[in-house]
>>> print(open('target08.tsv').read())   # TSV, C-alpha atoms
chain	number	residue	atom	x	y	z
A	1	MET	CA	92.09	102.01	116.18
A	2	GLN	CA	90.87	98.59	115.08
A	3	VAL	CA	93.31	96.10	113.57
A	4	PRO	CA	91.61	92.93	112.30
A	5	TYR	CA	93.64	89.76	112.24
A	6	LEU	CA	92.88	89.41	108.53
A	7	ASP	CA	91.27	91.80	106.06
A	8	LEU	CA	90.41	90.01	102.83
A	9	ARG	CA	88.19	92.85	101.68
A	10	ALA	CA	91.18	95.20	101.46
A	11	GLN	CA	93.03	92.78	99.19
A	12	ILE	CA	90.02	92.18	96.97
A	13	ASN	CA	89.48	95.92	96.57
A	14	SER	CA	93.02	96.33	95.24
A	15	CYS	CA	92.26	94.21	92.15
A	16	ARG	CA	88.47	94.17	92.11
A	17	ARG	CA	88.01	95.46	88.56
A	18	GLU	CA	90.27	92.83	87.06
A	19	ILE	CA	88.64	90.06	89.06
A	20	ASP	CA	85.14	91.22	88.14
A	21	ALA	CA	86.12	91.25	84.46
A	22	ALA	CA	87.70	87.80	84.67
A	23	LEU	CA	84.66	86.36	86.45
A	24	ALA	CA	82.27	87.94	83.95
A	25	LYS	CA	84.20	86.45	81.04
A	26	ALA	CA	84.22	83.00	82.66
A	27	ILE	CA	80.49	83.21	83.31
A	28	ASP	CA	79.79	84.33	79.74
A	29	CYS	CA	81.81	81.37	78.47
A	30	CYS	CA	80.10	79.00	80.95
A	31	SER	CA	83.53	77.52	81.85
A	32	PHE	CA	82.62	76.45	85.37
A	33	ILE	CA	84.71	73.26	85.82
A	34	LEU	CA	88.38	73.41	84.77
A	35	GLY	CA	88.38	75.22	81.41
A	36	PRO	CA	90.67	77.87	79.87
A	37	ASP	CA	91.14	80.00	83.00
A	38	VAL	CA	92.27	77.02	85.05
A	39	LEU	CA	94.59	75.86	82.26
A	40	ASP	CA	96.10	79.34	81.97
A	41	PHE	CA	96.55	79.58	85.73
A	42	GLU	CA	98.27	76.18	85.80
A	43	LYS	CA	100.78	77.32	83.19
A	44	GLN	CA	101.46	80.62	84.93
A	45	PHE	CA	101.76	79.12	88.40
A	46	ALA	CA	104.12	76.39	87.19
A	47	LYS	CA	106.30	79.06	85.56
A	48	TYR	CA	106.20	81.21	88.71
A	49	CYS	CA	107.38	78.30	90.87
A	50	GLY	CA	109.96	77.07	88.35
A	51	VAL	CA	108.49	73.65	87.60
A	52	ARG	CA	107.18	71.95	84.48
A	53	HIS	CA	103.69	71.01	85.61
A	54	ALA	CA	100.98	72.41	87.87
A	55	ILE	CA	97.76	70.44	88.26
A	56	ALA	CA	94.97	72.56	89.75
A	57	VAL	CA	92.61	70.80	92.16
A	58	ASN	CA	89.81	71.71	94.54
A	59	SER	CA	91.91	72.01	97.73
A	60	GLY	CA	95.38	71.67	99.18
A	61	THR	CA	94.19	68.56	101.00
A	62	SER	CA	93.24	66.96	97.67
A	63	ALA	CA	96.68	67.84	96.28
A	64	LEU	CA	98.35	66.05	99.20
A	65	HIS	CA	96.12	63.02	98.72
A	66	LEU	CA	96.98	62.83	95.04
A	67	ALA	CA	100.69	63.18	95.81
A	68	LEU	CA	100.61	60.06	97.98
A	69	LEU	CA	98.58	58.15	95.40
A	70	LEU	CA	101.14	59.03	92.72
A	71	LEU	CA	103.85	57.54	94.93
A	72	ASP	CA	101.76	54.39	95.46
A	73	VAL	CA	101.65	54.88	99.22
A	74	GLY	CA	99.22	52.53	100.93
A	75	PRO	CA	98.41	50.45	104.00
A	76	GLY	CA	101.46	49.48	106.03
A	77	ASP	CA	103.57	52.34	104.68
A	78	GLU	CA	104.94	55.19	106.78
A	79	ILE	CA	105.35	58.87	105.94
A	80	ILE	CA	107.63	61.05	108.05
A	81	THR	CA	106.14	64.45	108.82
A	82	THR	CA	105.62	67.06	111.51
A	83	PRO	CA	103.10	67.03	114.37
A	84	TYR	CA	102.94	70.83	114.41
A	85	THR	CA	100.88	71.99	111.46
A	86	PHE	CA	97.34	71.94	110.10
A	87	ALA	CA	95.76	68.47	110.12
A	88	ALA	CA	95.53	68.15	106.32
A	89	SER	CA	99.19	67.10	106.13
A	90	SER	CA	98.32	64.00	108.13
A	91	TRP	CA	94.82	63.53	106.72
A	92	ALA	CA	96.26	62.66	103.32
A	93	ILE	CA	98.49	60.01	104.87
A	94	SER	CA	95.50	58.51	106.65
A	95	TYR	CA	93.35	58.64	103.50
A	96	VAL	CA	95.64	56.12	101.78
A	97	GLY	CA	95.85	53.88	104.85
A	98	ALA	CA	99.43	54.77	105.72
A	99	ARG	CA	100.79	55.88	109.09
A	100	PRO	CA	102.09	59.36	109.89
A	101	VAL	CA	105.40	59.12	111.73
A	102	TYR	CA	106.09	62.34	113.53
A	103	VAL	CA	109.37	64.12	114.16
A	104	ASP	CA	109.64	67.05	116.55
A	105	ILE	CA	110.16	70.59	115.29
A	106	ASN	CA	113.13	72.92	115.42
A	107	GLU	CA	112.84	75.33	118.35
A	108	ALA	CA	113.70	78.41	116.27
A	109	THR	CA	111.90	77.77	112.98
A	110	PHE	CA	108.81	75.67	113.87
A	111	ASN	CA	109.73	73.43	110.93
A	112	ILE	CA	110.60	69.74	111.12
A	113	ASP	CA	113.89	69.10	112.94
A	114	VAL	CA	116.14	67.70	110.22
A	115	THR	CA	118.55	66.27	112.81
A	116	GLN	CA	115.87	63.80	113.87
A	117	VAL	CA	114.45	62.77	110.51
A	118	GLU	CA	116.91	59.99	109.66
A	119	LYS	CA	116.35	58.32	113.04
A	120	ALA	CA	112.66	57.94	112.17
A	121	ILE	CA	113.27	56.11	108.88
A	122	THR	CA	112.32	52.41	108.83
A	123	PRO	CA	111.96	49.82	106.05
A	124	ARG	CA	108.29	50.91	105.84
A	125	THR	CA	109.08	54.58	105.15
A	126	LYS	CA	107.86	55.63	101.70
A	127	ALA	CA	108.39	59.42	101.72
A	128	ILE	CA	109.28	62.49	103.76
A	129	LEU	CA	106.58	65.18	103.94
A	130	PRO	CA	107.97	68.42	105.40
A	131	VAL	CA	105.77	71.52	105.85
A	132	HIS	CA	107.10	75.01	105.14
A	133	LEU	CA	105.26	76.31	108.17
A	134	TYR	CA	104.09	79.93	108.36
A	135	GLY	CA	105.76	80.51	104.98
A	136	LEU	CA	109.33	79.71	106.10
A	137	PRO	CA	111.20	77.14	104.00
A	138	CYS	CA	112.40	74.00	105.73
A	139	ASP	CA	116.08	73.06	105.71
A	140	LEU	CA	115.75	71.61	102.23
A	141	GLU	CA	119.45	71.11	101.65
A	142	GLU	CA	119.72	68.67	104.54
A	143	LEU	CA	116.37	67.03	103.79
A	144	LEU	CA	117.41	66.40	100.19
A	145	LYS	CA	120.64	64.78	101.40
A	146	ILE	CA	118.71	62.53	103.78
A	147	ALA	CA	116.24	61.64	101.04
A	148	ALA	CA	119.03	60.80	98.59
A	149	ARG	CA	120.89	58.64	101.12
A	150	ASN	CA	117.75	56.64	101.79
A	151	SER	CA	116.23	56.67	98.28
A	152	LEU	CA	113.10	58.44	99.47
A	153	PRO	CA	111.02	61.08	97.69
A	154	ILE	CA	110.17	64.40	99.31
A	155	ILE	CA	106.67	65.84	99.13
A	156	GLU	CA	106.76	69.55	99.92
A	157	ASP	CA	103.71	70.81	101.77
A	158	ALA	CA	103.94	74.40	100.60
A	159	ALA	CA	100.35	75.32	101.49
A	160	GLN	CA	101.54	78.38	103.43
A	161	ALA	CA	104.61	79.26	101.39
A	162	HIS	CA	103.62	80.79	98.05
A	163	GLY	CA	106.64	82.78	96.89
A	164	ALA	CA	109.02	81.67	99.65
A	165	LEU	CA	112.63	81.24	98.57
A	166	TYR	CA	115.33	78.76	99.53
A	167	ARG	CA	118.82	79.48	98.21
A	168	GLY	CA	117.18	81.78	95.66
A	169	TRP	CA	114.75	79.17	94.32
A	170	LYS	CA	111.00	79.04	94.92
A	171	VAL	CA	109.77	76.40	97.33
A	172	GLY	CA	107.69	73.86	95.50
A	173	SER	CA	110.54	73.22	93.06
A	174	PHE	CA	112.68	70.99	95.31
A	175	GLY	CA	110.64	67.90	96.06
A	176	LYS	CA	109.48	65.11	93.77
A	177	ILE	CA	106.03	66.64	94.28
A	178	ALA	CA	104.86	69.84	95.95
A	179	CYS	CA	101.39	70.78	97.16
A	180	PHE	CA	99.84	74.23	97.54
A	181	SER	CA	96.58	75.48	99.00
A	182	PHE	CA	94.60	78.44	97.71
A	183	TYR	CA	92.26	78.66	100.69
A	184	PRO	CA	91.02	82.30	100.85
A	185	ALA	CA	93.27	83.24	103.78
A	186	LYS	CA	96.44	82.03	102.04
A	187	ASN	CA	98.95	84.43	100.46
A	188	LEU	CA	97.45	83.46	97.12
A	189	GLY	CA	93.82	82.78	97.90
A	190	ALA	CA	90.82	81.81	95.79
A	191	PHE	CA	87.22	82.87	96.35
A	192	GLY	CA	86.64	79.50	98.00
A	193	GLU	CA	88.67	76.30	98.10
A	194	GLY	CA	91.51	75.50	95.73
A	195	GLY	CA	94.88	73.77	95.51
A	196	ALA	CA	97.58	72.59	93.17
A	197	LEU	CA	100.04	69.75	92.79
A	198	LEU	CA	103.41	70.66	91.23
A	199	THR	CA	105.94	68.29	89.69
A	200	ASP	CA	108.61	68.04	87.00
A	201	ASP	CA	107.60	64.43	86.31
A	202	SER	CA	105.41	64.24	83.20
A	203	ILE	CA	104.12	60.78	84.08
A	204	PHE	CA	103.04	61.99	87.53
A	205	ALA	CA	101.39	65.03	85.97
A	206	GLU	CA	99.42	62.95	83.47
A	207	ARG	CA	98.20	60.56	86.18
A	208	ALA	CA	97.31	63.43	88.55
A	209	ARG	CA	95.11	64.98	85.84
A	210	LEU	CA	93.49	61.60	85.35
A	211	LEU	CA	92.85	61.02	89.05
A	212	ARG	CA	91.40	64.49	89.67
A	213	GLU	CA	88.75	63.87	87.00
A	214	HIS	CA	87.18	60.57	88.07
A	215	GLY	CA	90.08	58.55	86.69
A	216	ALA	CA	88.99	59.30	83.14
A	217	ALA	CA	91.09	60.66	80.30
A	218	GLU	CA	88.01	60.29	78.09
A	219	ARG	CA	84.55	61.01	79.43
A	220	TYR	CA	82.79	57.91	80.81
A	221	HIS	CA	85.91	55.76	80.25
A	222	HIS	CA	87.56	55.29	83.64
A	223	GLN	CA	91.09	53.90	83.61
A	224	GLU	CA	91.26	53.70	87.40
A	225	ILE	CA	89.23	54.67	90.44
A	226	GLY	CA	89.42	58.43	90.52
A	227	TYR	CA	88.16	61.45	92.42
A	228	ASN	CA	86.23	64.63	91.82
A	229	TYR	CA	89.14	66.93	92.63
A	230	ARG	CA	88.71	69.37	89.75
A	231	MET	CA	89.22	73.09	90.26
A	232	GLU	CA	86.23	75.28	89.45
A	233	GLY	CA	86.62	77.56	86.47
A	234	LEU	CA	85.71	80.65	88.50
A	235	GLN	CA	88.50	79.91	90.98
A	236	GLY	CA	90.96	79.64	88.12
A	237	ALA	CA	89.81	83.04	86.86
A	238	VAL	CA	90.34	84.63	90.28
A	239	LEU	CA	93.72	83.01	90.85
A	240	ARG	CA	94.96	83.94	87.38
A	241	VAL	CA	94.36	87.61	88.22
A	242	LYS	CA	95.72	87.46	91.76
A	243	LEU	CA	98.90	85.65	90.74
A	244	ASN	CA	99.99	88.84	88.97
A	245	TYR	CA	99.96	90.59	92.35
A	246	LEU	CA	101.57	87.84	94.41
A	247	GLN	CA	105.14	89.13	94.29
A	248	THR	CA	104.06	92.65	95.24
A	249	TRP	CA	102.02	91.27	98.12
A	250	THR	CA	104.92	89.07	99.23
A	251	ASN	CA	107.29	92.05	99.26
A	252	ALA	CA	104.77	93.97	101.39
A	253	ARG	CA	104.53	91.07	103.84
A	254	ARG	CA	108.32	91.03	104.15
A	255	GLN	CA	108.40	94.73	104.95
A	256	ILE	CA	105.67	94.33	107.58
A	257	ALA	CA	107.52	91.40	109.17
A	258	LYS	CA	110.71	93.46	109.23
A	259	ARG	CA	108.86	96.32	110.92
A	260	TYR	CA	107.39	94.01	113.54
A	261	SER	CA	110.81	92.56	114.29
A	262	GLN	CA	112.31	96.03	114.71
A	263	LEU	CA	109.56	97.37	116.97
A	264	LEU	CA	109.31	94.23	119.11
A	265	ALA	CA	113.03	93.54	119.45
A	266	ASP	CA	113.18	94.83	123.03
A	267	THR	CA	110.16	92.86	124.30
A	268	PRO	CA	110.25	89.47	126.05
A	269	LEU	CA	108.61	87.88	123.02
A	270	ARG	CA	110.44	85.21	121.08
A	271	LEU	CA	110.31	86.48	117.50
A	272	PRO	CA	110.31	84.48	114.24
A	273	ILE	CA	113.56	84.21	112.31
A	274	GLU	CA	114.77	83.67	108.77
A	275	PRO	CA	117.81	81.36	108.61
A	276	GLU	CA	120.53	82.30	106.15
A	277	GLY	CA	119.53	81.36	102.63
A	278	SER	CA	115.80	81.43	103.37
A	279	ALA	CA	113.27	84.11	102.48
A	280	SER	CA	109.93	83.53	104.14
A	281	ALA	CA	106.65	84.27	102.42
A	282	TRP	CA	105.44	85.46	105.84
A	283	HIS	CA	102.05	83.81	105.65
A	284	LEU	CA	102.02	84.30	109.41
A	285	TYR	CA	104.06	86.38	111.83
A	286	THR	CA	104.07	84.16	114.89
A	287	VAL	CA	105.59	85.12	118.24
A	288	ARG	CA	106.05	83.09	121.40
A	289	HIS	CA	105.57	83.74	125.10
A	290	PRO	CA	104.41	81.68	128.10
A	291	GLN	CA	101.68	84.28	128.72
A	292	ARG	CA	100.27	83.82	125.23
A	293	ASP	CA	96.63	83.56	126.30
A	294	GLU	CA	96.81	86.65	128.49
A	295	LEU	CA	98.48	88.61	125.68
A	296	LYS	CA	95.84	87.48	123.19
A	297	LYS	CA	93.06	88.67	125.49
A	298	PHE	CA	94.84	91.99	126.09
A	299	LEU	CA	95.17	92.59	122.34
A	300	GLU	CA	91.51	91.75	121.73
A	301	GLU	CA	90.45	94.23	124.40
A	302	GLY	CA	92.40	96.87	122.48
A	303	GLY	CA	90.71	96.08	119.17
A	304	ILE	CA	93.53	93.94	117.76
A	305	GLY	CA	92.90	90.52	116.26
A	306	SER	CA	95.28	87.59	116.68
A	307	SER	CA	95.15	83.82	116.26
A	308	VAL	CA	96.64	80.65	117.71
A	309	HIS	CA	98.32	78.25	115.26
A	310	TYR	CA	98.15	75.44	116.49
A	311	PRO	CA	96.80	74.82	120.02
A	312	LEU	CA	97.03	71.01	120.01
A	313	PRO	CA	99.75	69.12	118.13
A	314	LEU	CA	98.57	66.34	115.85
A	315	HIS	CA	100.07	63.52	117.91
A	316	LEU	CA	97.77	64.52	120.79
A	317	GLN	CA	94.58	64.90	118.74
A	318	PRO	CA	91.76	62.51	119.75
A	319	CYS	CA	91.51	61.16	116.19
A	320	TYR	CA	95.13	59.96	116.34
A	321	GLN	CA	95.07	58.21	119.70
A	322	PHE	CA	95.56	54.93	117.85
A	323	LEU	CA	99.09	56.04	116.90
A	324	ASP	CA	100.01	55.60	120.59
A	325	TYR	CA	101.87	58.85	121.03
A	326	ASN	CA	101.87	60.48	124.46
A	327	VAL	CA	102.37	63.87	126.08
A	328	GLY	CA	106.10	64.53	126.16
A	329	ASP	CA	106.95	62.63	122.98
A	330	PHE	CA	107.52	65.86	121.04
A	331	PRO	CA	108.19	68.47	123.72
A	332	ILE	CA	109.19	71.34	121.43
A	333	ALA	CA	105.99	71.07	119.41
A	334	GLU	CA	103.95	70.78	122.60
A	335	ARG	CA	105.57	73.87	124.10
A	336	ALA	CA	105.09	75.85	120.88
A	337	ALA	CA	101.39	74.95	120.93
A	338	GLN	CA	101.11	76.56	124.36
A	339	GLU	CA	103.12	79.69	123.57
A	340	CYS	CA	102.55	80.71	119.93
A	341	LEU	CA	100.46	83.67	118.85
A	342	SER	CA	100.05	84.95	115.29
A	343	LEU	CA	99.82	88.72	114.87
A	344	PRO	CA	98.01	90.50	112.01
A	345	ILE	CA	99.98	90.38	108.78
A	346	TYR	CA	98.60	91.05	105.32
A	347	PRO	CA	99.86	93.28	102.49
A	348	GLU	CA	97.41	96.10	103.17
A	349	LEU	CA	98.40	96.48	106.84
A	350	SER	CA	99.59	100.07	107.34
A	351	ASP	CA	102.66	101.27	109.22
A	352	GLU	CA	100.32	102.97	111.68
A	353	GLN	CA	98.49	99.71	112.35
A	354	VAL	CA	101.74	97.81	112.86
A	355	ALA	CA	102.95	100.51	115.25
A	356	PHE	CA	99.66	100.35	117.14
A	357	VAL	CA	99.90	96.57	117.56
A	358	CYS	CA	103.47	96.87	118.81
A	359	SER	CA	102.58	99.70	121.16
A	360	ARG	CA	99.81	97.60	122.65
A	361	ILE	CA	102.23	94.68	123.14
A	362	HIS	CA	104.71	96.98	124.88
A	363	GLY	CA	101.85	98.10	127.11
A	364	PHE	CA	101.07	94.51	128.03
A	365	PHE	CA	104.62	93.82	129.20
A	366	ARG	CA	104.85	97.12	131.08
A	367	ASN	CA	101.86	96.08	133.12
A	368	ALA	CA	102.55	92.34	133.30
A	369	PRO	CA	103.10	90.94	136.80
>>> encode(input="target08.tsv", output="structure tokens")
Amino acid sequence: MQVPYLDLRAQINSCRREIDAALAKAIDCCSFILGPDVLDFEKQFAKYCGVRHAIAVNSGTSALHLALLLLDVGPGDEIITTPYTFAASSWAISYVGARPVYVDINEATFNIDVTQVEKAITPRTKAILPVHLYGLPCDLEELLKIAARNSLPIIEDAAQAHGALYRGWKVGSFGKIACFSFYPAKNLGAFGEGGALLTDDSIFAERARLLREHGAAERYHHQEIGYNYRMEGLQGAVLRVKLNYLQTWTNARRQIAKRYSQLLADTPLRLPIEPEGSASAWHLYTVRHPQRDELKKFLEEGGIGSSVHYPLPLHLQPCYQFLDYNVGDFPIAERAAQECLSLPIYPELSDEQVAFVCSRIHGFFRNAP
């Protein structure tokens, strides 16, 4: 049996007719940049997440960049965030000339350790940027308390957390601004790049729409220096269709994660958790073990795909040497980078495939020295 790490074709096949029809309509209308499909998707996605405004852009990275611009973050400012995530969270900080200030992660959740956030705040801190990593919500209750005590906004990086719940509310509805990615491998993925910025602030929403379109509310009249961050019309058409399936796909992911946790409970692996009050979107099902690399190779030899997220924390990346962080500064993130392995998880994964993956893992530990 072969179990790919990700099978986008299976997902596309489940709604192919609707997508083909939506794309054909968009092509017939020649609505290739923004347009009615993007506008409709913005309205539906805002409603789904429980916020007033969604501004569709060309990537999650662009959404993060716009979020910092809306908060007037610039050179000399600091943004508190996590070293253990995809680089885009820090790229946006660097784009505006600010400095990422890292805080180690929680051992059990992989998310930013809220007990260390307040210690990192300085007079130069302009915002807190937590990441709902692997689809699991951060400890938003505590983060919101910290933010309120220090008069700081929160920017939610929800790029991996479409449909995740915290205390019954969708992530993306807690911060001053939230940012999503629609990269094809995400729980809600486009047929290319895509992203969105969410906010309840009408002034922020108006400026974000201005900035994404060359700083112009009227064509050729530029109120400020802007960017070409517009979402393509075809991506809006695809996302509008796929959004109708998101909750069903999320429920399937939750069942697969539950099955993994049941079948792997008696292995030496450290399994992912869901703290009370949190419902993960299960973008990834990530386990931990010191023999991660050997296990990955063993799975590949058995026809099972897996992936490492993330092998080198951001504070140790060559591009961020100038931040003057060193090995040992964030030991939990560094250890996670050496031990974490993401197993296949996508809505179309069958019970038989999950059982096969788990059987192979059991076989690895039976034969491990």
>>> closest_residue(input="target08.tsv", among="A:Val114, A:Ile105, A:Leu210, A:Ala196", to="A:Gly226", atoms="only C-alpha atoms")
A:Leu210
>>> atom_distance(input="target08.tsv", atom1="atom CA of A:Val357", atom2="atom CA of A:His309")
18.5 Å
>>> residues_around(input="target08.tsv", residues="A:Ala54", least_positions_apart="4", cutoff="9 Å", atoms="only C-alpha atoms", output="NGL selection string")
:A and (41-47 or 196-200 or 205)
>>> residues_around(input="target08.tsv", residues="A:Asp324", least_positions_apart="6", cutoff="12 Å", atoms="only C-alpha atoms", output="MDAnalysis selection string")
chainID A and resid 99:102 314:318
>>> closest_residue(input="target08.tsv", among="A:Leu69, A:Leu211, A:Ile154, A:Ala178", to="A:Tyr229", atoms="only C-alpha atoms")
A:Leu211
>>> axis_aligned_box(input="target08.tsv", around="stretch 352-362 of chain A", padding_each_side="3 Å", output="AutoDock Vina command-line options")
--center_x 101.6 --center_y 98.8 --center_z 118.3 --size_x 12.2 --size_y 14.3 --size_z 19.2
>>> closest_residue(input="target08.tsv", among="A:Arg230, A:Asp139, A:Trp91, A:Phe356", to="A:Cys319", atoms="only C-alpha atoms")
A:Trp91
>>> closest_atom_pairs(input="target08.tsv", of="stretch 171-286 of chain A", to="stretch 117-133 of chain A", cutoff="12 Å", atoms="all atoms listed in the file", output="JSON lines")
{"residue": "A:Val171", "atom": "CA", "partner": "A:His132", "partner_atom": "CA", "distance": 8.4}
{"residue": "A:Gly172", "atom": "CA", "partner": "A:His132", "partner_atom": "CA", "distance": 9.7}
{"residue": "A:Phe174", "atom": "CA", "partner": "A:Pro130", "partner_atom": "CA", "distance": 11.4}
{"residue": "A:Gly175", "atom": "CA", "partner": "A:Leu129", "partner_atom": "CA", "distance": 9.3}
{"residue": "A:Lys176", "atom": "CA", "partner": "A:Ala127", "partner_atom": "CA", "distance": 9.8}
{"residue": "A:Ile177", "atom": "CA", "partner": "A:Leu129", "partner_atom": "CA", "distance": 9.8}
{"residue": "A:Ala178", "atom": "CA", "partner": "A:Leu129", "partner_atom": "CA", "distance": 9.4}
{"residue": "A:Cys179", "atom": "CA", "partner": "A:Val131", "partner_atom": "CA", "distance": 9.8}
{"residue": "A:Phe180", "atom": "CA", "partner": "A:His132", "partner_atom": "CA", "distance": 10.5}
{"residue": "A:Pro272", "atom": "CA", "partner": "A:Leu133", "partner_atom": "CA", "distance": 11.4}
{"residue": "A:Ser278", "atom": "CA", "partner": "A:His132", "partner_atom": "CA", "distance": 11.0}
{"residue": "A:Ala279", "atom": "CA", "partner": "A:His132", "partner_atom": "CA", "distance": 11.3}
{"residue": "A:Ser280", "atom": "CA", "partner": "A:His132", "partner_atom": "CA", "distance": 9.0}
{"residue": "A:Ala281", "atom": "CA", "partner": "A:His132", "partner_atom": "CA", "distance": 9.7}
{"residue": "A:Trp282", "atom": "CA", "partner": "A:Leu133", "partner_atom": "CA", "distance": 9.4}
{"residue": "A:His283", "atom": "CA", "partner": "A:Leu133", "partner_atom": "CA", "distance": 8.5}
{"residue": "A:Leu284", "atom": "CA", "partner": "A:Leu133", "partner_atom": "CA", "distance": 8.7}
{"residue": "A:Tyr285", "atom": "CA", "partner": "A:Leu133", "partner_atom": "CA", "distance": 10.8}
{"residue": "A:Thr286", "atom": "CA", "partner": "A:Leu133", "partner_atom": "CA", "distance": 10.4}
>>> residues_around(input="target08.tsv", residues="A:Ser173", least_positions_apart="5", cutoff="7 Å", atoms="all atoms listed in the file", output="ChimeraX atom specification")
/A:49-51
>>> residues_around(input="target08.tsv", residues="stretch 306-308 of chain A", least_positions_apart="5", cutoff="8 Å", atoms="all atoms listed in the file", output="PyMOL selection string")
chain A and resi 4-5+296+299-300+340-344
>>> closest_residue(input="target08.tsv", among="A:Arg240, A:Arg335, A:Arg9, A:Arg253", to="A:Ala56", atoms="all atoms listed in the file")
A:Arg240
>>> atom_distance(input="target08.tsv", atom1="atom CA of A:Met231", atom2="atom CA of A:Val57")
4.5 Å
>>> closest_residue(input="target08.tsv", among="A:Phe364, A:Phe191, A:Phe86, A:Tyr166", to="A:Val241", atoms="all atoms listed in the file")
A:Phe191
>>> closest_residue(input="target08.tsv", among="A:Gln247, A:Ala217, A:Gln235, A:Asp201", to="A:His162", atoms="all atoms listed in the file")
A:Gln247
>>> residues_around(input="target08.tsv", residues="A:Gly192", least_positions_apart="6", cutoff="9 Å", atoms="only C-alpha atoms", output="JSON, numbers by chain")
{"A": [182, 183, 184, 235]}
>>> write_last_selection(input="target08.tsv", atoms="C-alpha atoms", output="PDB file, in the frame of the given file")
ATOM      1  CA  PHE A 182      94.600  78.440  97.710  1.00  0.00           C
ATOM      2  CA  TYR A 183      92.260  78.660 100.690  1.00  0.00           C
ATOM      3  CA  PRO A 184      91.020  82.300 100.850  1.00  0.00           C
ATOM      4  CA  GLN A 235      88.500  79.910  90.980  1.00  0.00           C
TER       5      GLN A 235
END
>>> atom_distance(input="target08.tsv", atom1="atom CA of A:Arg288", atom2="atom CA of A:Lys258")
16.7 Å
>>> residues_near_point(input="target08.tsv", point="(109.0, 74.3, 124.6)", cutoff="12 Å", atoms="all atoms listed in the file", output="number ranges by chain")
A: 104-108, 110, 270, 288-290, 328-340
>>> build_atoms(input="target08.tsv", residues="stretch 44-58 of chain A", atoms="N, CA and C atoms", output="tab-separated table (two decimals), keeping the file's coordinate frame")
chain	number	residue	atom	x	y	z
A	44	GLN	N	100.81	79.48	84.30
A	44	GLN	CA	101.46	80.62	84.93
A	44	GLN	C	102.03	80.27	86.31
A	45	PHE	N	101.29	79.46	87.07
A	45	PHE	CA	101.76	79.12	88.40
A	45	PHE	C	102.97	78.18	88.34
A	46	ALA	N	102.96	77.26	87.39
A	46	ALA	CA	104.12	76.39	87.19
A	46	ALA	C	105.36	77.22	86.85
A	47	LYS	N	105.19	78.18	85.95
A	47	LYS	CA	106.30	79.06	85.56
A	47	LYS	C	106.78	79.87	86.76
A	48	TYR	N	105.84	80.40	87.54
A	48	TYR	CA	106.20	81.21	88.71
A	48	TYR	C	107.03	80.40	89.70
A	49	CYS	N	106.69	79.14	89.88
A	49	CYS	CA	107.38	78.30	90.87
A	49	CYS	C	108.62	77.62	90.29
A	50	GLY	N	108.78	77.66	88.97
A	50	GLY	CA	109.96	77.07	88.35
A	50	GLY	C	109.87	75.57	88.16
A	51	VAL	N	108.67	75.07	87.87
A	51	VAL	CA	108.49	73.65	87.60
A	51	VAL	C	107.80	73.47	86.26
A	52	ARG	N	107.75	72.22	85.80
A	52	ARG	CA	107.18	71.95	84.48
A	52	ARG	C	105.66	71.83	84.50
A	53	HIS	N	105.11	71.31	85.59
A	53	HIS	CA	103.69	71.01	85.61
A	53	HIS	C	103.02	71.50	86.89
A	54	ALA	N	101.87	72.11	86.74
A	54	ALA	CA	100.98	72.41	87.87
A	54	ALA	C	99.61	71.84	87.54
A	55	ILE	N	99.07	71.05	88.45
A	55	ILE	CA	97.76	70.44	88.26
A	55	ILE	C	96.83	71.04	89.30
A	56	ALA	N	95.88	71.85	88.85
A	56	ALA	CA	94.97	72.56	89.75
A	56	ALA	C	93.88	71.61	90.24
A	57	VAL	N	93.63	71.66	91.55
A	57	VAL	CA	92.61	70.80	92.16
A	57	VAL	C	91.72	71.65	93.07
A	58	ASN	N	90.82	70.98	93.77
A	58	ASN	CA	89.81	71.71	94.54
A	58	ASN	C	90.24	72.07	95.95
